[in-house]
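> Got a file for you: data-v4.pdb, PDB, C-alpha atoms, pLDDT in the B column.
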```pdb
ATOM      1  CA  MET D1059       8.808 -63.711  -8.937  1.00 59.00           C
ATOM      2  CA  ARG D1060       7.712 -64.030  -5.310  1.00 66.00           C
ATOM      3  CA  GLU D1061       7.018 -67.765  -5.592  1.00 74.00           C
ATOM      4  CA  GLU D1062      10.294 -68.512  -7.390  1.00 76.00           C
ATOM      5  CA  ILE D1063      12.946 -66.394  -5.689  1.00 76.00           C
ATOM      6  CA  ALA D1064      11.922 -66.472  -2.022  1.00 78.00           C
ATOM      7  CA  PRO D1065      12.185 -70.243  -1.413  1.00 83.00           C
ATOM      8  CA  ARG D1066      15.603 -70.461  -3.093  1.00 83.00           C
ATOM      9  CA  SER D1067      17.030 -67.529  -1.157  1.00 82.00           C
ATOM     10  CA  GLU D1068      15.572 -68.649   2.165  1.00 83.00           C
ATOM     11  CA  ALA D1069      17.138 -72.074   1.590  1.00 86.00           C
ATOM     12  CA  GLN D1070      20.511 -70.293   1.392  1.00 82.00           C
ATOM     13  CA  GLY D1071      19.994 -68.577   4.757  1.00 83.00           C
ATOM     14  CA  TYR D1072      18.489 -65.235   3.698  1.00 84.00           C
ATOM     15  CA  ASP D1073      15.517 -63.645   5.461  1.00 84.00           C
ATOM     16  CA  TYR D1074      12.853 -62.577   2.982  1.00 81.00           C
ATOM     17  CA  PHE D1075      10.719 -59.419   2.983  1.00 78.00           C
ATOM     18  CA  TRP D1076       8.113 -58.267   0.459  1.00 74.00           C
ATOM     19  CA  ARG D1077       8.110 -54.481   0.521  1.00 68.00           C
ATOM     20  CA  PRO D1078       7.063 -51.420  -1.437  1.00 64.00           C
ATOM     21  CA  THR D1079       9.716 -50.152  -3.833  1.00 61.00           C
ATOM     22  CA  ARG D1080       9.106 -46.488  -3.152  1.00 60.00           C
ATOM     23  CA  GLY D1081       9.066 -46.435   0.647  1.00 57.00           C
ATOM     24  CA  ASP D1082       5.315 -46.229   1.149  1.00 60.00           C
ATOM     25  CA  ASP D1083       2.682 -48.935   1.505  1.00 61.00           C
ATOM     26  CA  GLY D1084       1.668 -49.097  -2.151  1.00 60.00           C
ATOM     27  CA  PRO D1085       2.814 -50.974  -5.206  1.00 63.00           C
ATOM     28  CA  PRO D1086       4.989 -51.798  -6.938  1.00 62.00           C
ATOM     29  CA  PHE D1087       6.423 -54.262  -4.457  1.00 63.00           C
ATOM     30  CA  CYS D1088       9.792 -55.974  -4.600  1.00 70.00           C
ATOM     31  CA  PRO D1089      11.521 -58.747  -2.701  1.00 73.00           C
ATOM     32  CA  TRP D1090      14.320 -57.864  -0.362  1.00 76.00           C
ATOM     33  CA  PHE D1091      16.638 -60.393   1.271  1.00 83.00           C
ATOM     34  CA  ILE D1092      19.190 -60.140   4.023  1.00 85.00           C
ATOM     35  CA  LYS D1093      21.699 -62.621   5.363  1.00 87.00           C
ATOM     36  CA  ARG D1094      22.590 -62.222   9.021  1.00 85.00           C
ATOM     37  CA  ASP D1095      25.725 -63.046  10.935  1.00 86.00           C
ATOM     38  CA  ALA D1096      25.759 -65.322  14.000  1.00 86.00           C
ATOM     39  CA  GLY D1097      24.671 -62.388  16.192  1.00 88.00           C
ATOM     40  CA  GLY D1098      21.665 -61.623  14.001  1.00 81.00           C
ATOM     41  CA  VAL D1099      23.147 -58.501  12.433  1.00 83.00           C
ATOM     42  CA  GLY D1100      22.302 -58.065   8.747  1.00 80.00           C
ATOM     43  CA  THR D1101      25.462 -58.329   6.684  1.00 81.00           C
ATOM     44  CA  ARG D1102      24.405 -58.924   3.090  1.00 80.00           C
ATOM     45  CA  PRO D1103      21.263 -57.197   1.797  1.00 77.00           C
ATOM     46  CA  ILE D1104      19.928 -57.953  -1.677  1.00 77.00           C
ATOM     47  CA  ASP D1105      17.270 -55.854  -3.429  1.00 72.00           C
ATOM     48  CA  VAL D1106      15.489 -57.464  -6.375  1.00 71.00           C
ATOM     49  CA  VAL D1107      13.665 -55.298  -8.894  1.00 68.00           C
ATOM     50  CA  GLU D1108      11.829 -55.898 -12.129  1.00 68.00           C
ATOM     51  CA  MET D1109      13.523 -54.632 -15.292  1.00 69.00           C
ATOM     52  CA  GLY D1110      10.855 -51.992 -15.916  1.00 70.00           C
ATOM     53  CA  PHE D1111      11.413 -50.297 -12.543  1.00 70.00           C
ATOM     54  CA  ALA D1112      12.900 -46.921 -13.569  1.00 70.00           C
ATOM     55  CA  GLU D1113      14.695 -46.277 -10.266  1.00 74.00           C
ATOM     56  CA  HIS D1114      16.658 -49.479 -10.899  1.00 74.00           C
ATOM     57  CA  TRP D1115      18.792 -47.668 -13.477  1.00 81.00           C
ATOM     58  CA  ASP D1116      19.611 -44.891 -11.003  1.00 85.00           C
ATOM     59  CA  ARG D1117      20.815 -47.558  -8.590  1.00 83.00           C
ATOM     60  CA  VAL D1118      22.974 -49.127 -11.298  1.00 85.00           C
ATOM     61  CA  LEU D1119      24.363 -45.699 -12.257  1.00 90.00           C
ATOM     62  CA  PHE D1120      25.239 -44.977  -8.618  1.00 93.00           C
ATOM     63  CA  ARG D1121      26.840 -48.410  -8.165  1.00 91.00           C
ATOM     64  CA  ASP D1122      28.927 -48.050 -11.305  1.00 93.00           C
ATOM     65  CA  TYR D1123      30.013 -44.557 -10.273  1.00 95.00           C
ATOM     66  CA  LEU D1124      31.208 -45.851  -6.900  1.00 95.00           C
ATOM     67  CA  ILE D1125      33.144 -48.631  -8.611  1.00 95.00           C
ATOM     68  CA  ALA D1126      34.900 -46.070 -10.812  1.00 96.00           C
ATOM     69  CA  HIS D1127      35.453 -43.442  -8.069  1.00 96.00           C
ATOM     70  CA  SER D1128      37.055 -44.925  -4.974  1.00 96.00           C
ATOM     71  CA  GLU D1129      37.093 -41.620  -3.077  1.00 96.00           C
ATOM     72  CA  THR D1130      33.310 -41.288  -3.338  1.00 96.00           C
ATOM     73  CA  ALA D1131      32.908 -44.960  -2.438  1.00 96.00           C
ATOM     74  CA  ALA D1132      35.045 -44.428   0.674  1.00 96.00           C
ATOM     75  CA  HIS D1133      32.976 -41.363   1.611  1.00 96.00           C
ATOM     76  CA  CYS D1134      29.779 -43.401   1.148  1.00 95.00           C
ATOM     77  CA  ALA D1135      31.118 -46.210   3.351  1.00 95.00           C
ATOM     78  CA  THR D1136      32.119 -43.747   6.091  1.00 96.00           C
ATOM     79  CA  LEU D1137      28.727 -42.045   5.901  1.00 95.00           C
ATOM     80  CA  LYS D1138      26.907 -45.368   6.208  1.00 93.00           C
ATOM     81  CA  ARG D1139      28.965 -46.337   9.281  1.00 94.00           C
ATOM     82  CA  LEU D1140      28.271 -42.965  10.932  1.00 95.00           C
ATOM     83  CA  LEU D1141      24.562 -43.171  10.145  1.00 94.00           C
ATOM     84  CA  ALA D1142      24.354 -46.745  11.426  1.00 92.00           C
ATOM     85  CA  ALA D1143      25.854 -45.584  14.729  1.00 94.00           C
ATOM     86  CA  GLU D1144      23.646 -42.486  14.922  1.00 94.00           C
ATOM     87  CA  PHE D1145      20.389 -44.174  13.947  1.00 92.00           C
ATOM     88  CA  THR D1146      20.796 -47.549  15.646  1.00 90.00           C
ATOM     89  CA  GLY D1147      17.402 -49.203  15.588  1.00 85.00           C
ATOM     90  CA  ASP D1148      15.881 -46.524  13.334  1.00 88.00           C
ATOM     91  CA  ARG D1149      16.151 -47.978   9.839  1.00 82.00           C
ATOM     92  CA  VAL D1150      13.814 -45.329   8.399  1.00 85.00           C
ATOM     93  CA  ARG D1151      15.983 -42.363   9.478  1.00 88.00           C
ATOM     94  CA  TYR D1152      19.148 -44.214   8.415  1.00 89.00           C
ATOM     95  CA  THR D1153      17.677 -44.875   4.968  1.00 87.00           C
ATOM     96  CA  GLU D1154      16.290 -41.345   4.519  1.00 88.00           C
ATOM     97  CA  THR D1155      19.626 -39.737   5.350  1.00 90.00           C
ATOM     98  CA  LYS D1156      21.648 -42.150   3.236  1.00 91.00           C
ATOM     99  CA  THR D1157      19.220 -41.662   0.349  1.00 89.00           C
ATOM    100  CA  SER D1158      19.881 -37.905   0.348  1.00 91.00           C
ATOM    101  CA  PHE D1159      23.581 -38.554  -0.323  1.00 94.00           C
ATOM    102  CA  ILE D1160      22.802 -41.132  -3.002  1.00 94.00           C
ATOM    103  CA  ALA D1161      20.352 -38.788  -4.741  1.00 93.00           C
ATOM    104  CA  GLU D1162      22.886 -35.944  -4.695  1.00 95.00           C
ATOM    105  CA  VAL D1163      25.654 -38.069  -6.238  1.00 96.00           C
ATOM    106  CA  THR D1164      23.309 -39.653  -8.771  1.00 94.00           C
ATOM    107  CA  GLY D1165      22.047 -36.228  -9.819  1.00 93.00           C
ATOM    108  CA  GLN D1166      25.609 -34.981 -10.311  1.00 93.00           C
ATOM    109  CA  VAL D1167      26.448 -38.012 -12.433  1.00 93.00           C
ATOM    110  CA  LYS D1168      23.317 -37.583 -14.568  1.00 91.00           C
ATOM    111  CA  ARG D1169      24.080 -33.908 -15.143  1.00 91.00           C
ATOM    112  CA  ALA D1170      27.656 -34.760 -16.110  1.00 88.00           C
ATOM    113  CA  CYS D1171      26.364 -37.373 -18.561  1.00 83.00           C
ATOM    114  CA  GLN D1172      24.070 -34.793 -20.166  1.00 82.00           C
ATOM    115  CA  ASP D1173      26.893 -32.240 -20.413  1.00 70.00           C
ATOM    116  CA  PRO D1174      30.187 -34.099 -20.969  1.00 60.00           C
ATOM    117  CA  THR D1175      32.103 -30.799 -20.738  1.00 62.00           C
ATOM    118  CA  SER D1176      31.059 -30.298 -17.100  1.00 56.00           C
ATOM    119  CA  ALA D1177      33.221 -31.428 -14.211  1.00 52.00           C
ATOM    120  CA  SER D1178      32.400 -34.883 -12.902  1.00 50.00           C
ATOM    121  CA  ALA D1179      30.974 -35.419  -9.418  1.00 49.00           C
TER     122      ALA D1179
END
```
Could you write out this structure as structure tokens?


Amino acid sequence: MREEIAPRSEAQGYDYFWRPTRGDDGPPFCPWFIKRDAGGVGTRPIDVVEMGFAEHWDRVLFRDYLIAHSETAAHCATLKRLLAAEFTGDRVRYTETKTSFIAEVTGQVKRACQDPTSASA
């Protein structure tokens, strides 16, 4: 994957990073790309995961929930803007705080899927 995807994405103007998938320094690793605007600010991040990566499906579930629930999507967007302002230059704290919200919503959606009679998130 590394040898195939990175050169194509870099040719399209994306910066390439090879990083751990779980936030520590161990495997499994995944490619991550970001396109920057003229000022160098990242504007379009892309995470690439292998199909067997279990957390991938949580990400898809969260994405699909946001697509179907505009009020939660708007809340997520507002939260990300606030966190970006609060944690300027501290990507780790930004990500940790954002991840708490994502985990909470994803957990609510999973519980609702297990018990269709429960109220949705």

> Quick one: of D:Leu1137, D:Trp1090, D:Phe1120, D:Pro1103, who's nearest to Phe1075 of chain D, counting only C-alpha atoms?

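Of all the options, D:Trp1090 lies closest to Phe1075 of chain D.
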
> Counting all atoms listed in the file, which of D:Tyr1074, D:Arg1102, D:His1133, D:Ile1092 gets nearest to Ile1160 of chain D?

D:His1133

> Taking only C-alpha atoms into account, name the residue in D:Glu1129, D:Asp1148, D:Asp1122, D:Asp1073 that is nearest to Asp1105 of chain D.

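Smallest distance to Asp1105 of chain D is found for D:Asp1073.
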
> Using all atoms listed in the file, which residue out of D:Lys1138, D:His1114, D:Arg1151, D:His1127 lies closest to Val1163 of chain D?

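Of D:Lys1138, D:His1114, D:Arg1151, D:His1127, the one nearest Val1163 of chain D, counting all atoms listed in the file, is D:His1127.
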
> Hey, can you pull every residue with an atom no more than 12 Å from (22.0, -41.2, -0.4), using all atoms listed in the file, and send it as JSON, numbers by chain?

{"D": [1116, 1117, 1120, 1121, 1130, 1131, 1133, 1134, 1135, 1137, 1138, 1141, 1151, 1152, 1153, 1154, 1155, 1156, 1157, 1158, 1159, 1160, 1161, 1162, 1163, 1164, 1165]}

> In Å to one decimal, how far is atom CA of Val1118 of chain D from atom CA of Lys1168 of chain D?

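Between atom CA of Lys1168 of chain D and atom CA of Val1118 of chain D the gap works out to 12.0 Å.
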
> Point out the residue among D:Cys1088, D:Ala1069, D:Ala1064, D:Val1099 with the least atom-to-atom distance to Ala1142 of chain D, counting all atoms listed in the file.

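Of D:Cys1088, D:Ala1069, D:Ala1064, D:Val1099, the one nearest Ala1142 of chain D, counting all atoms listed in the file, is D:Val1099.
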
> By how many Å are atom CA of Ile1125 of chain D and atom CA of Arg1149 of chain D apart?

25.1 Å

> Model the absent atoms of segment 1101-1127 of chain D so that N, CA and C atoms are present, and write the result as a CSV table (one decimal), keeping the file's coordinate frame.


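Once written, result.csv looks like this:
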```csv
chain,number,residue,atom,x,y,z
D,1101,THR,N,24.2,-58.6,7.3
D,1101,THR,CA,25.5,-58.3,6.7
D,1101,THR,C,25.4,-58.3,5.2
D,1102,ARG,N,24.5,-58.9,4.5
D,1102,ARG,CA,24.4,-58.9,3.1
D,1102,ARG,C,23.0,-58.7,2.6
D,1103,PRO,N,22.6,-57.5,2.3
D,1103,PRO,CA,21.3,-57.2,1.8
D,1103,PRO,C,21.2,-57.4,0.3
D,1104,ILE,N,20.1,-57.8,-0.2
D,1104,ILE,CA,19.9,-58.0,-1.7
D,1104,ILE,C,18.6,-57.4,-2.0
D,1105,ASP,N,18.5,-56.4,-2.9
D,1105,ASP,CA,17.3,-55.9,-3.4
D,1105,ASP,C,17.0,-56.5,-4.8
D,1106,VAL,N,15.8,-56.9,-5.1
D,1106,VAL,CA,15.5,-57.5,-6.4
D,1106,VAL,C,14.4,-56.6,-7.0
D,1107,VAL,N,14.6,-56.1,-8.2
D,1107,VAL,CA,13.7,-55.3,-8.9
D,1107,VAL,C,13.4,-55.9,-10.3
D,1108,GLU,N,12.2,-55.5,-10.8
D,1108,GLU,CA,11.8,-55.9,-12.1
D,1108,GLU,C,12.5,-54.9,-13.1
D,1109,MET,N,12.8,-55.4,-14.3
D,1109,MET,CA,13.5,-54.6,-15.3
D,1109,MET,C,12.9,-53.3,-15.6
D,1110,GLY,N,11.5,-53.2,-15.6
D,1110,GLY,CA,10.9,-52.0,-15.9
D,1110,GLY,C,10.9,-50.9,-14.8
D,1111,PHE,N,11.4,-51.2,-13.7
D,1111,PHE,CA,11.4,-50.3,-12.5
D,1111,PHE,C,12.5,-49.2,-12.8
D,1112,ALA,N,12.0,-48.0,-13.1
D,1112,ALA,CA,12.9,-46.9,-13.6
D,1112,ALA,C,14.0,-46.6,-12.6
D,1113,GLU,N,13.7,-46.6,-11.3
D,1113,GLU,CA,14.7,-46.3,-10.3
D,1113,GLU,C,15.8,-47.3,-10.2
D,1114,HIS,N,15.6,-48.5,-10.8
D,1114,HIS,CA,16.7,-49.5,-10.9
D,1114,HIS,C,17.9,-48.9,-11.6
D,1115,TRP,N,17.7,-48.2,-12.7
D,1115,TRP,CA,18.8,-47.7,-13.5
D,1115,TRP,C,19.6,-46.6,-12.7
D,1116,ASP,N,18.9,-45.8,-11.9
D,1116,ASP,CA,19.6,-44.9,-11.0
D,1116,ASP,C,20.5,-45.6,-10.0
D,1117,ARG,N,20.0,-46.7,-9.5
D,1117,ARG,CA,20.8,-47.6,-8.6
D,1117,ARG,C,22.0,-48.1,-9.3
D,1118,VAL,N,21.9,-48.6,-10.5
D,1118,VAL,CA,23.0,-49.1,-11.3
D,1118,VAL,C,24.0,-48.0,-11.6
D,1119,LEU,N,23.5,-46.8,-12.0
D,1119,LEU,CA,24.4,-45.7,-12.3
D,1119,LEU,C,25.2,-45.3,-11.0
D,1120,PHE,N,24.5,-45.3,-9.9
D,1120,PHE,CA,25.2,-45.0,-8.6
D,1120,PHE,C,26.3,-46.0,-8.3
D,1121,ARG,N,25.9,-47.3,-8.4
D,1121,ARG,CA,26.8,-48.4,-8.2
D,1121,ARG,C,28.1,-48.3,-9.1
D,1122,ASP,N,27.8,-48.1,-10.4
D,1122,ASP,CA,28.9,-48.0,-11.3
D,1122,ASP,C,29.8,-46.8,-11.0
D,1123,TYR,N,29.2,-45.7,-10.6
D,1123,TYR,CA,30.0,-44.6,-10.3
D,1123,TYR,C,30.9,-44.8,-9.1
D,1124,LEU,N,30.4,-45.5,-8.1
D,1124,LEU,CA,31.2,-45.9,-6.9
D,1124,LEU,C,32.4,-46.8,-7.3
D,1125,ILE,N,32.1,-47.7,-8.2
D,1125,ILE,CA,33.1,-48.6,-8.6
D,1125,ILE,C,34.3,-47.8,-9.3
D,1126,ALA,N,33.9,-46.8,-10.1
D,1126,ALA,CA,34.9,-46.1,-10.8
D,1126,ALA,C,35.5,-44.9,-10.0
D,1127,HIS,N,35.0,-44.6,-8.9
D,1127,HIS,CA,35.5,-43.4,-8.1
D,1127,HIS,C,35.6,-43.9,-6.6
```
